Amino acid sequence: MSKRNPLYDFKWCPGCGDFGVKVAIEQALAQRTAERGDSIEKTVIVAGIGCSGNLVHLQEGPQPFGIHGIHGRTLPVAYGIKSGRPDLNVLVVSGDGDFLSIGAEHIGPQARRNLDVTVVVMDNGIYGLTKGQASPTTNVDVVTSTTRYGKLDEKMNPYLFFLGAGVGYLNSQMSSRVKDLAAAIKAAMDYPGFSIVHVQSPCTTYNDTYALLKGDEKQGIEPLAFPIPDSHDAGDLIAAVNLVRTNRIPIGQIYRREGESVPGHERLARAKVNAGVGQASVEELLTGMLITA
Amino acid sequence: MSKNLVVRFAGEGGQGVVGGAELMAQAAAQGGYHVLTFSTFPSQIKGGPAWGQARISSEPILTPGDYLDVLVCQNQYAYDTNLPDLREGGLVVYNSEEFEIADNSRAIGIAADRMAREAGNPLASTIIMIGAVAQAAGVSVSALEAFIEKRWTRGRASDAAIIQGNINALRMGVEEAKKAGLALEDLEPAPSHDIPRVMIRGFEASALGAMAGGVESFIGYPISPATTMLVYMEQNLTGAEKFVGQASSEIEAIASLVGAGYSGRKVMTSTAGPGLSLMGEGLGLAWMAEIPLVIVDVQRGGPATGLPTKTEQSDFIMAMNPGHGDMSVPVIAPGTTEEAFWASIAALNWAERYQGPVILLSEAAIAERAQDIPMPDLSKVKVESRTVSGGAMQNRRYAGDSVSPFPVPGGPGAYVANGSEHDEQGDTTHLPDIHVTMTNRRFRKLEVLSDGTFEAENTGSDIVVLPWGGSKGSARAAWEQLQAEGVNVGWYYTMFLNPLPPTLLAELKTKKKVLVPELNYMGQLAGHLRSLGVNAEAITQYTGLPFKVSDLKAEISRRVQGQ
């Protein structure tokens with residue numbers, strides 16, 4: 001909405017990875033609505049707090065609904081929307097601070113519910129909006145404003161964390177490869193269940209990892225990111241775990257649970273049908289409490 | 001003949017003392033009496049001192065009763081600790097296998113467990129005790145038998161044997177009381193009723209009110225004493241469009257309610273103080289982004305884990321200001337079982353009308369009581385729903401200085417519901433004039449909630465009583481007694497605590513003294529009233545138990561004379 005809205009006063013830094021994610025989401029949503037003949041208003045973007053969450057205000061073109069709430073609570077908000085309105089397409093946009101630190105407690109419950117939403121995590125390995133503090137995905141020993149003597153905690157491996165939590169669909173991408181990213185987000189939205197697209201989206205101001213990710217032959221830097229080989233069986237959880245047991249960043253489809261994935265709301269609907277429950281009226285319930293003396 | 005019978009069953013958790021009081025109340029209600037129960041127990045599954053109390057009366061009841069006519073006790077500790085509440089001339093019925101009372105002039109010892117075992121019905125020891133109480137207090141035994149027959153007719157082959165076993169147990173107790181030769185004055189016969197009545201528990205009244213008010217999604221996290229409402233909803237809020245879920249925490253619960261309310265659903269949760277504390281930030285989001293939702297806070301003793309199973313009224317300040325920043329959350333606090341039903345409807349209507357969060361302040365003593373009340377007249381239920389945006393305002397969600405049409409996802413009017421300060425379409429802005437305009441708008445919306453009703457009697461008096469929530473019953477009984485004795489004190493009461501009905505507030509400001517009985521240390525409502533310019537004085541108690549009418553009457557009297 002920013003182009004139409006002069007009052008909106010947030011800007012990403014030049015070169016921020018989140019620009020690429022924004023374009024990829026626009027493309028994925030355009031493709032999805034065109035394919036399904038849906039209106040864009042059937043999509044809700046749930047945004048976390050941090051640089052990444054501001055994406056919801058920056059979407060260009062046809063406008064989806066959005067909700068930009070409080071720090072760390074994107075998944076519960078999405079759960080509320082999806083549980084009452086399974087007809088809506090819900091997309092969560094969040095960062096490593098919002099999603100993996102303050103919001104990490106919500107990943108397990110939603111994975112176990114197989115909440116039918118897609119999460120796009122913009123991982124820049126730093127708290128950018130608060131100007132450069134260590135996040136769960138900041139490397140150990142790195143000096144930041146809150147780790148003057150080097151970061152004491154080990155870096156979190158988000159992929160291993162997601163797989164352990166029971167996430168059914170996991171894809172890893174880079175913000176600079178917009179076309180691949182758009183395709184991954186689109187596929188994740190089509191997946192019936194909880195899906196995460198984890199994106200390396202560097203912060204050019206506080207943690208510029210572009211060179212590290214892509215490598216630099218001249219400087220003798222091996223690329224941190226590597227394409228997932230075609231031989232990888234994404235349907236095999238053990239293979240997926242072995243793939244991500246590394247400090248390097250695999251790019252591509254890490255895991256896709258084989259067999260039927262039943263989203264939580266469908267499981268509930270089926271259980272209700274099986275139990276044959278209808279809505280008892282208040283009058284009927286009160287009548288059951290009548291004193292008959 | 002006496003008009004009232006107050007019976008307390010005391011012992012350990014798991015010995016059926018709460019169940020005993022409830023069974024007695026149920027039976028008496030089915031026999032036509034008015035009843036009200038109160039129970040208190042520790043926060044553990046089994047063991048620890050517990051008691052349940054039933055008041056049975058030929059007249060409508062305001063409180064569970066100050067003093068006991070009969071104390072039923074399972075052990076020495078229960079006897080020692082509850083004896084001070086037995087009225088002069090009251091009777092004790094006790095488990096003689098556990099302990100002995102030397103002076104049996106007002107006590108009936110029964111080896112109920114052994115008798116029940118020997119009769120081949122080990123679960124019936126409580127019923128034996130009830131039989132003795134009924135005989136001693138002149139409660140119709142045939143009415144109890146009729147209740148037993150009804151209660152255990154469940155369409156099973158074993159029904160007849162169980163009913164006969166329980167009736168035999170009841171008669172054993174009757175015989176024991178006869179043998180002891182001790183009796184109270186007979187209870188007046190049950191009154192006749194010309195309107196249908198229901199036997200209902202407080203949390204059921206809250207839940208059924210919410211269902212009558214159109215609640216669609218209920219997402220909660222288990223916490224005493226609010227779990228009963230979540231469980232009731234799980235069982236009864238069913239059907240295609242309805243959703244009940246157990247969240248992983250209160251933080252998840254409130255954020256998911258915001259999501260569900262935002263998506264167009266009417267939503268509610270139940271919690272207690274610790275849960276409400278965790279919900280503070282999420283409630284701020286609902287206030288800021290203008291999302292309708294209702295939280296039922298069943299108050300218990302605080303702070304921190306406090307007294308999880310005891311009653312208190314100490315969350316008023318937090319309910320009004322549950323989070324940081326400028327906000328004033330509407331608060332409705334029912335004072336009776338009947339009001340609990342109507343308060344849920346009012347809370348949902350308020351939330352929908354002003355588009356924001358509403359807190360329904362219940363308390364342990366209201367949620368857990370069982371009472372007979374007239375069947376709520378459903379033809380009087382008026383359900384309000386938010387005005388849905390038809391797209392005329394395009395992406396402008398927050399235009400104007402009061403409530404604006406609500407865009408529902410899937411329909412027209414896409415915007416961003418934003419917890420940061422925002423402009424008309426929900427995009428973040430930090431401009432000073434926008435924060436002023438939007439803050440004013442959020443507070444001005446409260447003006448649509450000025451329709452709260454209130455009670456006012458003897459309003460000519462300079463000194464008035466204004467109880468809130470569950471203290472209404474004790475305060476009303478005390479006030480009626482003072483009136484009868486010619487003490488000049490006025491009566492005001494409302495369940496609409498924030499915003500207060502404007503006329504009520506104006507009248508209170510003219511009073512020399514407004515006495516506010518409340519179950520907390522700080523005098524929370526009284527303090528709030530003083531900030532509004534009312535000369536309010538709290539009468540406090542923080543024992544985890546409700547006010548006794550006699551204590552409150554003495555204190556009001558003292559304050560009136562001390563003018």
# chains A, B, ... in the order shown; residues from 1 in each chain; ligands from 1
>>> interface_residues(of="chain A", to="chain B", cutoff="8 Å", atoms="only C-alpha atoms", output="NGL selection string")
:A and (1 or 7-10 or 39 or 41-44 or 56-57 or 63-70 or 73 or 76-85 or 88 or 106 or 109 or 269 or 272 or 277-280 or 282-283 or 286-287 or 289-293)
>>> select_by_dssp(residues="range 195-436 of chain B", states="strand (DSSP E or B)", output="NGL selection string")
:B and (197-201 or 217-220 or 243-246 or 267-271 or 293-299 or 301 or 307 or 331-332 or 357-363 or 370-374 or 388 or 406 or 409 or 411 or 416-418 or 422 or 428)
>>> select_by_dssp(residues="range 62-194 of chain A", states="helix (DSSP H, G or I)", output="MDAnalysis selection string")
chainID A and resid 74:84 96:102 104:113 158:165 178:190
>>> atom_distance(atom1="CA of Ala225 in chain A", atom2="CA of Val21 in chain A")
17.3 Å
>>> residues_around(residues="range 135-148 of chain A", least_positions_apart="4", cutoff="8 Å", atoms="only C-alpha atoms", output="ChimeraX atom specification")
/A:96-97,100-101,123-127,152-158
>>> residues_around(residues="range 517-522 of chain B", least_positions_apart="4", cutoff="6 Å", atoms="only C-alpha atoms", output="NGL selection string")
:B and (312-314 or 467 or 538-542)
>>> residues_around(residues="Tyr94 in chain B", least_positions_apart="6", cutoff="7 Å", atoms="only C-alpha atoms", output="list of chain:residue names")
B:Val72, B:Cys73, B:Gln74, B:Ile108, B:Gly109, B:Ile110
>>> residues_around(residues="Ile295 in chain B", least_positions_apart="6", cutoff="7 Å", atoms="only C-alpha atoms", output="list in words")
Met268, Thr269, Ser270, Val358, Ile359 and Leu360 of chain B
>>> atom_distance(atom1="CA of Val119 in chain A", atom2="CA of Asp98 in chain A")
12.1 Å
>>> closest_residue(among="B:Glu59, B:Glu339, B:Glu555, B:Glu118", to="Ala478 in chain B", atoms="only C-alpha atoms")
B:Glu555
>>> residues_around(residues="Tyr492 in chain B", least_positions_apart="6", cutoff="10 Å", atoms="only C-alpha atoms", output="ChimeraX atom specification")
/B:454-459,464-468,476,504,507-508,514-516
>>> write_last_selection(atoms="N, CA and C atoms", output="PDB file, in the first residue's frame")
ATOM      1  N   PHE B 454     -28.737  -0.088  36.072  1.00  0.00           N
ATOM      2  CA  PHE B 454     -28.320  -0.178  37.470  1.00  0.00           C
ATOM      3  C   PHE B 454     -29.527  -0.204  38.392  1.00  0.00           C
ATOM      4  N   GLU B 455     -29.304  -0.667  39.618  1.00  0.00           N
ATOM      5  CA  GLU B 455     -30.344  -0.694  40.642  1.00  0.00           C
ATOM      6  C   GLU B 455     -30.138   0.493  41.571  1.00  0.00           C
ATOM      7  N   ALA B 456     -31.225   1.095  42.039  1.00  0.00           N
ATOM      8  CA  ALA B 456     -31.128   2.224  42.971  1.00  0.00           C
ATOM      9  C   ALA B 456     -32.338   2.192  43.889  1.00  0.00           C
ATOM     10  N   GLU B 457     -32.079   2.160  45.193  1.00  0.00           N
ATOM     11  CA  GLU B 457     -33.176   2.183  46.168  1.00  0.00           C
ATOM     12  C   GLU B 457     -32.799   3.077  47.340  1.00  0.00           C
ATOM     13  N   ASN B 458     -33.789   3.684  47.927  1.00  0.00           N
ATOM     14  CA  ASN B 458     -33.574   4.626  49.036  1.00  0.00           C
ATOM     15  C   ASN B 458     -32.486   5.629  48.655  1.00  0.00           C
ATOM     16  N   THR B 459     -32.661   6.228  47.492  1.00  0.00           N
ATOM     17  CA  THR B 459     -31.609   7.089  46.954  1.00  0.00           C
ATOM     18  C   THR B 459     -31.568   8.455  47.621  1.00  0.00           C
ATOM     19  N   VAL B 464     -24.589   5.557  50.890  1.00  0.00           N
ATOM     20  CA  VAL B 464     -25.140   4.444  50.116  1.00  0.00           C
ATOM     21  C   VAL B 464     -24.145   3.288  50.069  1.00  0.00           C
ATOM     22  N   VAL B 465     -24.687   2.100  49.794  1.00  0.00           N
ATOM     23  CA  VAL B 465     -23.857   0.915  49.589  1.00  0.00           C
ATOM     24  C   VAL B 465     -23.824   0.610  48.101  1.00  0.00           C
ATOM     25  N   LEU B 466     -22.642   0.314  47.575  1.00  0.00           N
ATOM     26  CA  LEU B 466     -22.512  -0.071  46.165  1.00  0.00           C
ATOM     27  C   LEU B 466     -21.583  -1.286  46.084  1.00  0.00           C
ATOM     28  N   PRO B 467     -22.152  -2.496  46.183  1.00  0.00           N
ATOM     29  CA  PRO B 467     -21.297  -3.683  46.048  1.00  0.00           C
ATOM     30  C   PRO B 467     -21.072  -3.964  44.571  1.00  0.00           C
ATOM     31  N   TRP B 468     -20.133  -4.859  44.290  1.00  0.00           N
ATOM     32  CA  TRP B 468     -19.987  -5.310  42.896  1.00  0.00           C
ATOM     33  C   TRP B 468     -19.756  -6.820  42.872  1.00  0.00           C
ATOM     34  N   ARG B 476     -26.622  -7.233  49.758  1.00  0.00           N
ATOM     35  CA  ARG B 476     -28.073  -7.025  49.655  1.00  0.00           C
ATOM     36  C   ARG B 476     -28.769  -7.524  50.936  1.00  0.00           C
ATOM     37  N   LEU B 504     -25.727   6.757  36.809  1.00  0.00           N
ATOM     38  CA  LEU B 504     -25.292   6.196  38.089  1.00  0.00           C
ATOM     39  C   LEU B 504     -24.101   6.994  38.628  1.00  0.00           C
ATOM     40  N   GLU B 507     -25.123  10.333  39.982  1.00  0.00           N
ATOM     41  CA  GLU B 507     -25.794  10.240  41.283  1.00  0.00           C
ATOM     42  C   GLU B 507     -24.803   9.931  42.397  1.00  0.00           C
ATOM     43  N   LEU B 508     -23.863   9.028  42.119  1.00  0.00           N
ATOM     44  CA  LEU B 508     -22.884   8.661  43.154  1.00  0.00           C
ATOM     45  C   LEU B 508     -22.053   9.868  43.573  1.00  0.00           C
ATOM     46  N   VAL B 514     -19.936   6.663  49.701  1.00  0.00           N
ATOM     47  CA  VAL B 514     -20.345   5.456  48.965  1.00  0.00           C
ATOM     48  C   VAL B 514     -19.518   4.291  49.503  1.00  0.00           C
ATOM     49  N   LEU B 515     -20.182   3.363  50.161  1.00  0.00           N
ATOM     50  CA  LEU B 515     -19.487   2.218  50.760  1.00  0.00           C
ATOM     51  C   LEU B 515     -19.421   1.074  49.748  1.00  0.00           C
ATOM     52  N   VAL B 516     -18.215   0.599  49.477  1.00  0.00           N
ATOM     53  CA  VAL B 516     -18.025  -0.439  48.458  1.00  0.00           C
ATOM     54  C   VAL B 516     -17.476  -1.713  49.097  1.00  0.00           C
TER      55      VAL B 516
END
>>> closest_residue(among="B:Leu500, B:Ala399, B:Arg530, B:Asp551", to="Tyr67 in chain B", atoms="only C-alpha atoms")
B:Asp551
>>> atom_distance(atom1="CA of Leu163 in chain A", atom2="CA of Glu250 in chain B")
25.4 Å
